[in-house]
Each structure stands twice: as structure tokens, then as C-alpha cells.
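Note: the block below is work10.txt and it holds compact mmCIF, C-alpha atoms.
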```txt
# COMPACT_ATOMS: atom_id res chain seq x y z
CA MET K 1 -30.08 -13.20 -19.29
CA ASP K 2 -26.82 -14.86 -20.45
CA THR K 3 -23.49 -14.02 -18.85
CA PRO K 4 -21.93 -11.85 -21.60
CA VAL K 5 -25.00 -9.63 -21.84
CA ARG K 6 -25.30 -9.33 -18.06
CA LEU K 7 -21.62 -8.44 -17.77
CA GLY K 8 -21.89 -5.99 -20.63
CA ARG K 9 -24.86 -4.25 -19.01
CA TYR K 10 -23.07 -4.19 -15.67
CA LEU K 11 -19.96 -2.53 -17.10
CA PHE K 12 -22.08 -0.15 -19.18
CA THR K 13 -23.93 0.91 -16.03
CA THR K 14 -20.62 1.31 -14.19
CA LEU K 15 -19.19 3.48 -16.96
CA ASN K 16 -22.38 5.49 -17.21
CA GLY K 17 -22.31 6.10 -13.46
CA ALA K 18 -18.66 7.11 -13.57
CA ILE K 19 -19.39 9.69 -16.28
CA PHE K 20 -22.81 11.01 -15.26
CA GLY K 21 -22.99 10.10 -11.57
CA GLY K 22 -25.28 7.73 -9.72
CA THR K 23 -24.77 4.22 -8.42
CA THR K 24 -24.94 0.76 -9.91
CA PRO K 25 -28.26 -0.97 -9.17
CA PRO K 26 -27.69 -4.18 -7.20
CA ALA K 27 -29.63 -6.16 -9.81
CA GLU K 28 -27.04 -5.26 -12.42
CA ILE K 29 -24.14 -6.73 -10.48
CA PRO K 30 -23.07 -10.08 -11.98
CA ASN K 31 -23.86 -13.16 -9.94
CA PHE K 32 -20.60 -14.83 -8.86
CA GLU K 33 -22.00 -16.78 -5.91
CA ASP K 34 -21.38 -20.18 -7.47
CA ARG K 35 -17.71 -19.59 -8.23
CA GLU K 36 -14.78 -21.02 -6.34
CA PRO K 37 -13.20 -18.56 -3.89
CA SER K 38 -10.05 -16.84 -5.13
CA THR K 39 -6.85 -16.44 -3.13
CA SER K 40 -6.74 -12.76 -4.05
CA ARG K 41 -9.80 -12.00 -1.90
CA VAL K 42 -8.66 -10.87 1.54
CA HIS K 43 -11.53 -8.75 2.77
CA THR K 44 -15.30 -8.51 2.95
CA GLU K 45 -16.99 -5.78 0.97
CA ALA K 46 -19.59 -3.45 2.42
CA PRO K 47 -23.29 -4.03 1.58
CA GLY K 48 -24.00 -3.06 -2.02
CA GLU K 49 -20.30 -2.97 -2.90
CA PHE K 50 -18.70 -5.53 -5.18
CA GLU K 51 -14.94 -6.07 -5.17
CA PRO K 52 -13.82 -8.58 -7.81
CA PHE K 53 -11.56 -11.55 -7.37
CA LEU K 54 -8.70 -12.02 -9.83
CA THR K 55 -10.77 -14.80 -11.45
CA ASP K 56 -13.75 -12.43 -11.79
CA VAL K 57 -11.70 -9.90 -13.73
CA LEU K 58 -10.24 -12.54 -16.02
CA GLU K 59 -13.70 -13.97 -16.71
CA VAL K 60 -15.18 -10.55 -17.44
CA LYS K 61 -12.39 -9.81 -19.91
CA ASN K 62 -12.87 -13.19 -21.55
CA ASP K 63 -16.65 -12.71 -21.84
CA LEU K 64 -16.28 -9.24 -23.33
CA PHE K 65 -13.65 -10.46 -25.77
CA LYS K 66 -15.30 -13.72 -26.85
CA GLY K 67 -18.94 -13.22 -25.89
CA LEU K 68 -19.40 -9.63 -27.11
CA LYS K 69 -16.65 -9.86 -29.78
CA LEU K 70 -14.93 -6.72 -28.55
CA PRO K 71 -11.29 -6.06 -29.47
CA MET K 72 -8.93 -6.64 -26.54
CA GLU K 73 -7.82 -3.00 -26.65
CA ILE K 74 -11.45 -1.95 -26.05
CA VAL K 75 -11.86 -4.59 -23.35
CA ASP K 76 -8.79 -3.28 -21.52
CA ALA K 77 -10.04 0.30 -21.83
CA ILE K 78 -13.49 -0.64 -20.45
CA VAL K 79 -12.06 -2.59 -17.52
CA ASP K 80 -9.59 0.17 -16.65
CA PHE K 81 -12.17 2.93 -16.95
CA ALA K 82 -14.54 0.99 -14.70
CA GLU K 83 -11.64 0.39 -12.26
CA TYR K 84 -12.59 -3.27 -12.30
CA TRP K 85 -9.33 -4.50 -10.74
CA PRO K 86 -8.38 -7.15 -8.19
CA HIS K 87 -6.62 -6.00 -5.06
CA THR K 88 -5.13 -7.08 -1.77
CA THR K 89 -5.93 -5.60 1.62
CA THR K 90 -3.98 -5.38 4.85
CA VAL K 91 -5.31 -3.67 7.95
CA ARG K 92 -4.13 -3.01 11.48
CA ARG K 93 -6.98 -2.75 13.94
CA SER K 94 -5.39 -4.21 17.07
CA GLY K 95 -6.66 -1.51 19.42
CA GLU K 96 -5.65 2.10 19.85
CA LEU K 97 -1.95 2.79 19.41
CA SER K 98 -0.31 6.04 20.49
CA ILE K 99 2.88 7.70 19.27
CA SER K 100 4.16 10.37 21.65
CA ALA K 101 6.67 13.08 20.85
CA GLY K 102 9.34 14.24 23.23
CA ARG K 103 12.76 13.33 24.54
CA GLY K 104 13.47 9.63 24.70
CA ARG K 105 10.29 8.68 22.84
CA GLU K 106 9.87 6.93 19.52
CA GLU K 107 8.46 9.70 17.34
CA GLU K 108 8.05 7.65 14.17
CA ARG K 109 6.78 4.11 13.96
CA LEU K 110 5.99 1.64 11.22
CA ILE K 111 2.25 1.00 11.43
CA LEU K 112 1.49 -1.35 8.53
CA ARG K 113 2.77 -2.98 5.35
CA SER K 114 0.86 -3.96 2.22
CA TYR K 115 1.34 -7.33 0.62
CA PRO K 116 4.08 -7.28 -2.04
CA LEU K 117 2.64 -6.28 -5.42
CA GLY K 118 1.96 -9.50 -7.30
CA TYR K 119 1.92 -11.76 -4.24
CA LEU K 120 -1.42 -13.52 -3.80
CA PRO K 121 -2.27 -14.38 -0.20
CA ASN K 122 -3.17 -18.00 0.47
CA PRO K 123 -6.62 -18.88 1.89
CA LEU K 124 -5.25 -18.88 5.44
CA ASP K 125 -4.17 -15.26 5.23
CA THR K 126 -6.50 -12.71 6.82
CA THR K 127 -6.86 -8.96 6.79
CA GLU K 128 -4.42 -8.95 9.70
CA CYS K 129 -1.86 -9.87 7.03
CA ARG K 130 -0.32 -13.15 8.14
CA MET K 131 2.77 -14.00 6.10
CA LEU K 132 5.20 -15.61 8.50
CA ASP K 133 3.06 -15.53 11.61
CA GLU K 134 0.12 -13.58 12.97
CA TYR K 135 1.91 -10.35 13.81
CA SER K 136 5.47 -10.13 12.49
CA TYR K 137 4.98 -9.13 8.85
CA PRO K 138 2.75 -6.07 9.17
CA THR K 139 4.53 -4.26 11.98
CA ILE K 140 7.98 -5.72 12.68
CA LYS K 141 10.44 -2.84 12.93
CA PRO K 142 12.57 -2.47 9.78
CA GLN K 143 16.31 -1.99 10.00
CA PRO K 144 18.51 -0.01 7.60
CA TRP K 145 20.71 -2.20 5.44
CA LYS K 146 24.38 -1.33 5.65
CA THR K 147 24.49 -0.28 2.03
CA ILE K 148 23.10 2.76 0.27
CA LYS K 149 23.26 1.38 -3.26
CA GLU K 150 20.56 -0.80 -4.75
CA VAL K 151 20.60 -4.30 -3.34
CA GLU K 152 20.31 -7.20 -5.75
CA GLY K 153 19.38 -10.77 -4.96
CA GLU K 154 20.31 -13.69 -7.15
CA ALA K 155 16.77 -15.13 -7.07
CA THR K 156 14.81 -11.86 -7.21
CA GLU K 157 13.81 -12.11 -10.87
CA GLU K 158 12.79 -15.74 -10.44
CA ILE K 159 10.33 -14.79 -7.71
CA ARG K 160 9.05 -11.78 -9.66
CA ASN K 161 8.37 -13.98 -12.68
CA LYS K 162 6.49 -16.50 -10.51
CA TRP K 163 4.32 -13.76 -9.02
CA LEU K 164 3.80 -12.20 -12.45
CA LEU K 165 2.29 -15.44 -13.73
CA SER K 166 0.09 -16.04 -10.69
CA SER K 167 -1.29 -12.51 -10.38
CA GLN K 168 -1.48 -11.76 -14.14
CA LEU K 169 -0.13 -8.21 -13.75
CA LYS K 170 -0.38 -6.25 -17.00
CA GLY K 171 1.85 -3.59 -18.53
CA ASP K 172 4.91 -1.68 -17.44
CA HIS K 173 2.93 0.08 -14.70
CA PRO K 174 0.62 -2.64 -13.33
CA CYS K 175 -0.33 -0.89 -10.09
CA ARG K 176 -3.43 1.20 -10.74
CA LYS K 177 -4.49 2.54 -7.37
CA ILE K 178 -3.53 2.58 -3.69
CA VAL K 179 -6.17 3.47 -1.10
CA PHE K 180 -5.22 4.39 2.46
CA THR K 181 -7.87 4.47 5.19
CA ILE K 182 -6.80 5.98 8.51
CA LYS K 183 -8.74 6.43 11.76
CA SER K 184 -6.83 8.65 14.18
CA HIS K 185 -6.68 11.92 16.14
CA ASP K 186 -4.22 14.01 18.15
CA GLN K 187 -4.19 14.82 21.88
CA GLY K 188 -7.07 17.29 21.52
CA TRP K 189 -5.30 20.46 22.64
CA GLY K 190 -2.18 22.53 21.92
CA GLY K 191 -0.89 24.57 19.02
CA GLU K 192 -1.95 28.04 17.95
CA PRO K 193 -5.63 28.77 18.77
CA GLN K 194 -6.38 29.87 15.19
CA ASN K 195 -5.26 26.47 13.88
CA LYS K 196 -7.69 24.41 15.98
CA GLY K 197 -9.91 22.26 13.77
CA THR K 198 -7.72 22.80 10.68
CA TYR K 199 -4.69 20.98 9.32
CA LYS K 200 -2.41 23.96 9.90
CA GLY K 201 0.12 23.62 12.70
CA SER K 202 -0.53 19.89 13.01
CA TYR K 203 2.41 17.87 14.31
CA THR K 204 0.86 14.40 14.26
CA TRP K 205 0.70 12.82 10.84
CA PHE K 206 1.38 9.82 8.56
CA ASP K 207 3.97 9.21 5.84
CA VAL K 208 4.24 6.55 3.14
CA GLY K 209 7.27 4.33 2.65
CA LYS K 210 8.32 1.63 0.23
CA GLU K 211 10.20 -1.66 0.47
CA GLU K 212 11.50 -3.73 -2.43
CA LEU K 213 11.72 -7.48 -2.84
CA VAL K 214 15.18 -9.04 -2.64
CA ALA K 215 15.37 -12.83 -2.91
CA PHE K 216 18.36 -15.00 -2.04
CA ARG K 217 19.21 -18.66 -2.32
CA GLU K 218 20.55 -20.38 0.73
CA GLY K 219 24.11 -19.30 1.45
CA GLN K 220 23.94 -16.30 -0.88
CA GLU K 221 22.65 -13.74 1.65
CA PRO K 222 24.95 -10.69 1.89
CA ALA K 223 26.72 -9.84 5.12
CA THR K 224 24.90 -6.49 5.12
CA LEU K 225 21.51 -8.16 5.50
CA PRO K 226 20.08 -7.29 8.94
CA LYS K 227 19.58 -10.40 11.03
CA ASP K 228 17.50 -9.31 14.02
CA PRO K 229 14.83 -8.43 13.31
CA ILE K 230 14.27 -9.11 9.62
CA HIS K 231 10.95 -9.87 7.97
CA THR K 232 11.13 -12.52 5.30
CA LEU K 233 8.68 -14.47 3.19
CA GLU K 234 9.00 -18.22 2.96
CA VAL K 235 8.52 -19.51 -0.59
CA PRO K 236 6.57 -22.81 -0.84
CA VAL K 237 8.29 -25.55 -2.81
CA GLU K 238 5.62 -25.67 -5.50
CA GLU K 239 6.00 -21.94 -6.21
CA CYS K 240 9.69 -21.99 -6.98
CA ASP K 241 12.36 -24.09 -8.67
CA SER K 242 14.39 -24.00 -5.45
CA PRO K 243 12.64 -24.38 -2.06
CA THR K 244 15.57 -22.72 -0.27
CA ILE K 245 14.84 -19.22 -1.55
CA THR K 246 14.20 -16.55 1.08
CA CYS K 247 12.48 -13.29 0.19
CA ALA K 248 13.57 -10.27 2.22
CA PHE K 249 12.39 -6.67 1.84
CA HIS K 250 14.81 -3.77 1.58
CA THR K 251 13.54 -0.39 2.82
CA ILE K 252 14.11 2.29 0.17
CA ILE K 253 11.70 4.91 1.59
CA PRO K 254 12.57 6.32 4.08
CA ARG K 255 16.14 6.49 2.87
CA THR K 256 19.09 5.20 4.89
CA GLU K 257 21.71 7.59 6.27
CA SER K 258 25.06 6.69 7.84
CA TYR K 259 26.83 8.38 10.71
CA GLN K 260 30.46 7.84 11.71
CA THR K 261 30.52 7.63 15.50
CA SER K 262 34.31 7.65 15.91
CA SER K 263 37.52 8.14 13.95
CA ASP K 264 37.54 4.42 13.25
CA ASP K 265 35.80 3.71 9.91
CA VAL K 266 34.15 0.59 11.31
CA ASP K 267 32.18 2.57 13.89
CA ILE K 268 29.33 3.63 11.65
CA GLU K 269 25.67 3.75 12.57
CA TYR K 270 22.83 3.53 10.06
CA HIS K 271 19.49 5.27 10.48
CA PHE K 272 16.38 6.08 8.47
CA HIS K 273 15.94 9.72 7.55
CA HIS K 274 12.60 11.15 8.71
CA PRO K 275 11.58 14.78 8.20
CA LEU K 276 11.30 16.94 11.29
CA GLU K 277 7.88 18.27 10.26
CA PRO K 278 5.21 17.19 7.74
CA ASP K 279 6.64 17.94 4.30
CA THR K 280 5.42 17.89 0.70
CA THR K 281 5.24 14.08 0.69
CA CYS K 282 3.07 13.81 3.82
CA LEU K 283 0.31 11.22 3.41
CA GLN K 284 -2.15 12.77 5.88
CA LYS K 285 -2.16 15.04 8.94
CA ASN K 286 -4.57 14.87 11.84
CA LEU K 287 -6.80 17.86 12.47
CA THR K 288 -5.10 20.16 14.97
CA ALA K 289 -6.25 19.94 18.62
CA VAL K 290 -9.28 17.75 17.85
CA LYS K 291 -9.78 14.80 20.20
CA GLN K 292 -12.62 13.14 18.25
CA MET K 293 -11.65 10.24 16.01
CA GLN K 294 -11.28 11.22 12.36
CA THR K 295 -11.46 8.93 9.33
CA HIS K 296 -9.41 9.88 6.29
CA LYS K 297 -9.57 7.98 3.01
CA ILE K 298 -6.71 8.91 0.68
CA VAL K 299 -6.68 7.62 -2.91
CA TRP K 300 -3.50 7.58 -4.98
CA SER K 301 -4.09 6.72 -8.67
CA CYS K 302 -1.70 5.96 -11.49
CA ASP K 303 -3.29 8.68 -13.63
CA ASP K 304 -2.99 11.43 -10.99
CA ASN K 305 -1.21 14.42 -12.49
CA VAL K 306 -1.40 17.32 -10.05
CA ASP K 307 1.40 19.87 -10.26
CA PRO K 308 2.57 20.52 -6.66
CA ASP K 309 2.83 24.25 -7.43
CA SER K 310 -0.63 24.51 -9.02
CA VAL K 311 -3.85 25.64 -7.37
CA ASP K 312 -4.86 21.99 -6.97
CA GLY K 313 -1.50 21.22 -5.42
CA LYS K 314 -1.92 24.02 -2.89
CA GLU K 315 -5.44 22.78 -2.13
CA LEU K 316 -3.91 19.52 -0.90
CA ASP K 317 -2.43 21.51 1.97
CA ASN K 318 -5.95 22.45 3.08
CA GLU K 319 -6.83 18.75 3.06
CA GLY K 320 -3.89 17.85 5.28
CA ARG K 321 -1.90 16.22 2.48
CA GLY K 322 1.51 16.92 0.99
CA ARG K 323 1.57 18.80 -2.32
CA GLU K 324 3.58 16.06 -4.03
CA THR K 325 1.20 13.20 -3.20
CA ALA K 326 -1.07 13.54 -6.24
CA THR K 327 1.48 13.35 -9.05
CA GLY K 328 0.85 9.63 -9.63
CA GLU K 329 4.60 8.92 -9.62
CA PHE K 330 4.57 6.63 -6.59
CA VAL K 331 1.81 4.40 -8.01
CA ARG K 332 3.32 4.29 -11.50
CA GLY K 333 6.69 3.42 -9.98
CA MET K 334 5.43 0.29 -8.20
CA ARG K 335 7.16 -2.89 -9.45
CA ILE K 336 6.42 -6.53 -8.81
CA GLY K 337 7.48 -7.30 -5.25
CA ASP K 338 7.25 -3.72 -3.99
CA VAL K 339 5.63 -3.16 -0.58
CA VAL K 340 3.79 -0.02 0.55
CA THR K 341 4.29 1.02 4.18
CA VAL K 342 2.57 3.55 6.44
CA TRP K 343 4.47 5.32 9.23
CA GLY K 344 2.89 7.21 12.11
CA LYS K 345 4.63 10.41 13.28
CA ALA K 346 4.50 12.88 16.18
CA ARG K 347 6.73 15.88 16.90
CA PHE K 348 7.37 18.32 19.73
CA ALA K 349 6.61 17.85 23.39
CA ALA K 350 3.08 16.78 24.39
CA TRP K 351 1.91 15.98 20.84
CA VAL K 352 0.42 12.48 20.60
CA ASN K 353 -0.83 10.59 17.54
CA PHE K 354 -3.65 8.24 18.60
CA ILE K 355 -4.25 5.57 15.95
CA GLU K 356 -7.24 3.23 15.90
CA GLU K 357 -7.00 1.71 12.41
CA VAL K 358 -4.87 1.85 9.28
CA LYS K 359 -5.75 -0.01 6.07
CA ILE K 360 -3.95 -0.33 2.73
CA ASP K 361 -5.67 -1.51 -0.47
CA VAL K 362 -3.46 -2.08 -3.51
CA TYR K 363 -5.15 -2.51 -6.92
CA TRP K 364 -3.53 -3.80 -10.11
CA ALA K 365 -4.45 -4.35 -13.75
CA VAL K 366 -4.58 -7.81 -15.33
```

Structure translated into C-alpha cells:
Amino acid sequence: MDTPVRLGRYLFTTLNGAIFGGTTPPAEIPNFEDREPSTSRVHTEAPGEFEPFLTDVLEVKNDLFKGLKLPMEIVDAIVDFAEYWPHTTTVRRSGELSISAGRGREEERLILRSYPLGYLPNPLDTTECRMLDEYSYPTIKPQPWKTIKEVEGEATEEIRNKWLLSSQLKGDHPCRKIVFTIKSHDQGWGGEPQNKGTYKGSYTWFDVGKEELVAFREGQEPATLPKDPIHTLEVPVEECDSPTITCAFHTIIPRTESYQTSSDDVDIEYHFHHPLEPDTTCLQKNLTAVKQMQTHKIVWSCDDNVDPDSVDGKELDNEGRGRETATGEFVRGMRIGDVVTVWGKARFAAWVNFIEEVKIDVYWAV
């Protein structure tokens, strides 16, 4: 069977399964074994699951357009409907981590970052997300920048254009889906007895944040740029007109707040604002007073459109999610260079968030 027909049958089966249910037979999956590996592949799929490389998606679109003579508008619709998108994966599975609430404890902690949207990992990158070194990029503690207004970097657009060409992002809203996978549990006791085994009264949870790309040429970094620690991305010479460009990432969620610590205007401290309790933007709560490990898979899609005040919005509460997390706005608002972050939280004495694994998959259209 030639490639265009095989690909056509594969996508037809995928669409048919999406509409009527069922799974794609393994025999219908295109054979890509002889292709060169792509730098966008950063994970291993489960048995029977096929996750395309960037080159796979481009070849499928080309075969449907030229081989089956389909209009490009139809090709785009088929590929989007089948969710046949490339993606990057980062995961933290470095052993169980605990976040304890109470006086003098760190009650919110950055757990993991995604790769910047549009950045393609090189072949040496792994699912532990090496960008500068083995550990710094995913979990290095962010610092508030000493400015509330939007930060602009002289070389930001240059880097965005480079990543746009390499990743082939399509449209004004290229990010199509973000999938969070979390394995965690609380301390296994506490709270109101009637809430045990539900998401009500849970004070260990996870929130989503966002960082934006800001790129500077040597000597152009602003004085407000945090120096220690700061996570940056070195730009290889061949990727940029100037090898001295440094990419930093400015935290925009959670927002930065300033506090004047004395009558002197120079004595100002900057902090991130975190809600006291899980609010309407909460990514996922742990089940209350359940010590067994739980796995939650949360999917945010660009076409989500759930009204927070609707019945479906209220149902999210029963699933341990915030009512505003299924509007699709976060996914549609992702720009080239944006980074998704996951924060672990715990509140009130004796509550502990035990975390075994957190994974972020970011999908985009080409």
C-alpha cells in the first residue's frame, strides 16, 4: 500500500474513532521506522500509542495535499481534528518530594517548567529537561523582577522568529493542548471527616504559572534582571545572528507584588502573590485525607469553552479543579517563547503535599 493511501486510511480511522469511539488498529499506524529521528521527540510512547515527530506531521500534511490532492484547508482541518500534533515533554520524577505547611515552611514551590513554546530540544535533551545543565532549568527557584510592567528585550523578536521557523508553528494561537500528569497524595489524615476521599476541604494542591521569553544582547540586560538565581537559555551561534544573545524568562503568573519595608523608597521587597486556599484557577487538588498515591491527568485544550458559572463549571469542583481552568484562554494565550510552570502548594499546619511525579506535554499546530 503506498504512503498517501496508508496515511489517508490512518487518519480516516483516527477521525472515525474520535467520532464513534474505538481505537486505531496497530496495522493502520503509518510505518515511520526508517526515518531520521527528530529533535522534537523527547519521550517514549506507551505500547500501541503513536506520538508524531514534527517531521511526521509535515510529511502527513504534504502527502494529503499532494498525494490525495486535498485542499490545504481540508488538510489542516483533518490534522487538527485528529490532534495529530508534535509536542515537547518535560517531567520531574526525581523521587518523592514533600511540601509541608506551617510556620517557617515553604508552602509553595516550583515543581517543573515546560520547554518554551517553539523551542525544539536538541538530541542531548532528555525528559528531565536539560537546557543549561541537568537540573537547573526545570526547578530553579524563580525570582520576581523589580518591575511590574511588561519587560521587553531587544533581541526577543529575533529569537521568536528563529523558533517560529524551526518549529513551524501555525496561526495566531499555535498552542493546541497542554496535558498535565500528576502523581501525588496528602498526609492521609486531617480535615472534616465528611470530606475524606473527596476534593472538598483539601489544602494540598497544584497551580499553573507562566513565564515569558525575554532576550537580551550582551550589555543590554536591565538592572532589574535578577542575577542569583536566574535561569537562562544559551543560544547556539548557528541559531542566531548574534551569538551573545541570552534568553531569560520573566514570571508573569504568579504575579509580582511589592512591599515597602521602611519609609525609605529604596527599601522595597518583591514577592509572588499566591492564593491562601485553592481558588478558581487551581490546576488540581489532592483527595482529602487519602494516603494512597493518586494519578491525575488534566487536559487543557484551545477549544475548551466551559463557563465557570455553568453546570459543567461547577462539576470541575467535584473533580478537584478550579472552575476557570476549562475556558481555553490559557492555551489560546500561549505565544512563542512562553513557558508553562507547575507549582505545588500546601496550607495550614500538618498538611503535606507528597509529590512523586509531574509531567507537562505541550502540543502545537504546524

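Nearest to K:Glu51 of all the residues K:Gly322, K:Pro86, K:Gly191, K:Pro275 is K:Pro86, counting all atoms listed in the file.
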
* Structure fact -> atom CA of K:Pro174 to atom CA of K:Ile111 measures 25.1 Å

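One distance worth recording is that between atom CA of K:Trp85 and atom CA of K:His173, which is 13.7 Å.
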
* Within 12 Å of K:Trp364, counting all atoms listed in the file, which residues show up once you throw out same-chain ones fewer than 4 positions away? Write them as a PyMOL selection string, please. => chain K and resi 40+52-54+57+79-80+83-88+116-120+164+167-179+301-302+331-332+334-336

* For stretch 182-187 of chain K: contacts at 10 Å, all atoms listed in the file, fewer than 4 positions along chain excluded, given as JSON, numbers by chain -> {"K": [91, 92, 93, 96, 97, 98, 99, 100, 202, 203, 204, 205, 206, 284, 285, 286, 287, 288, 289, 290, 291, 292, 293, 294, 295, 296, 297, 298, 342, 346, 350, 351, 352, 353, 354, 355, 356, 357, 358, 359, 360]}

* To do: Have a look at atom CA of K:Lys162 and atom CA of K:Leu225 and let me know their distance in Å, one decimal.
  => 23.5 Å

* Which one is closest to K:Ile253: K:Ala77, K:Leu213, K:Ile159, K:Val340? Count all atoms listed in the file. -> K:Val340

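Using all atoms listed in the file, the shortest contact distance between K:Thr181 and any of K:Leu70, K:Asn318, K:Glu324, K:Thr89 is found at K:Thr89.
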
* **Protein/DNA/RNA residues near (12.7, 1.5, 4.2), cut 8 Å, all atoms listed in the file, as an MDAnalysis selection string** => chainID K and resid 142:144 209:211 250:256 272

* Which residue of K:Val311, K:Ala326, K:Val366, K:Ala248 approaches K:Gly153 most closely, using only C-alpha atoms -> K:Ala248

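Residue nearest K:His271, chosen from K:Thr90, K:Ala365, K:Trp145, K:Thr341 and counting all atoms listed in the file: K:Trp145.
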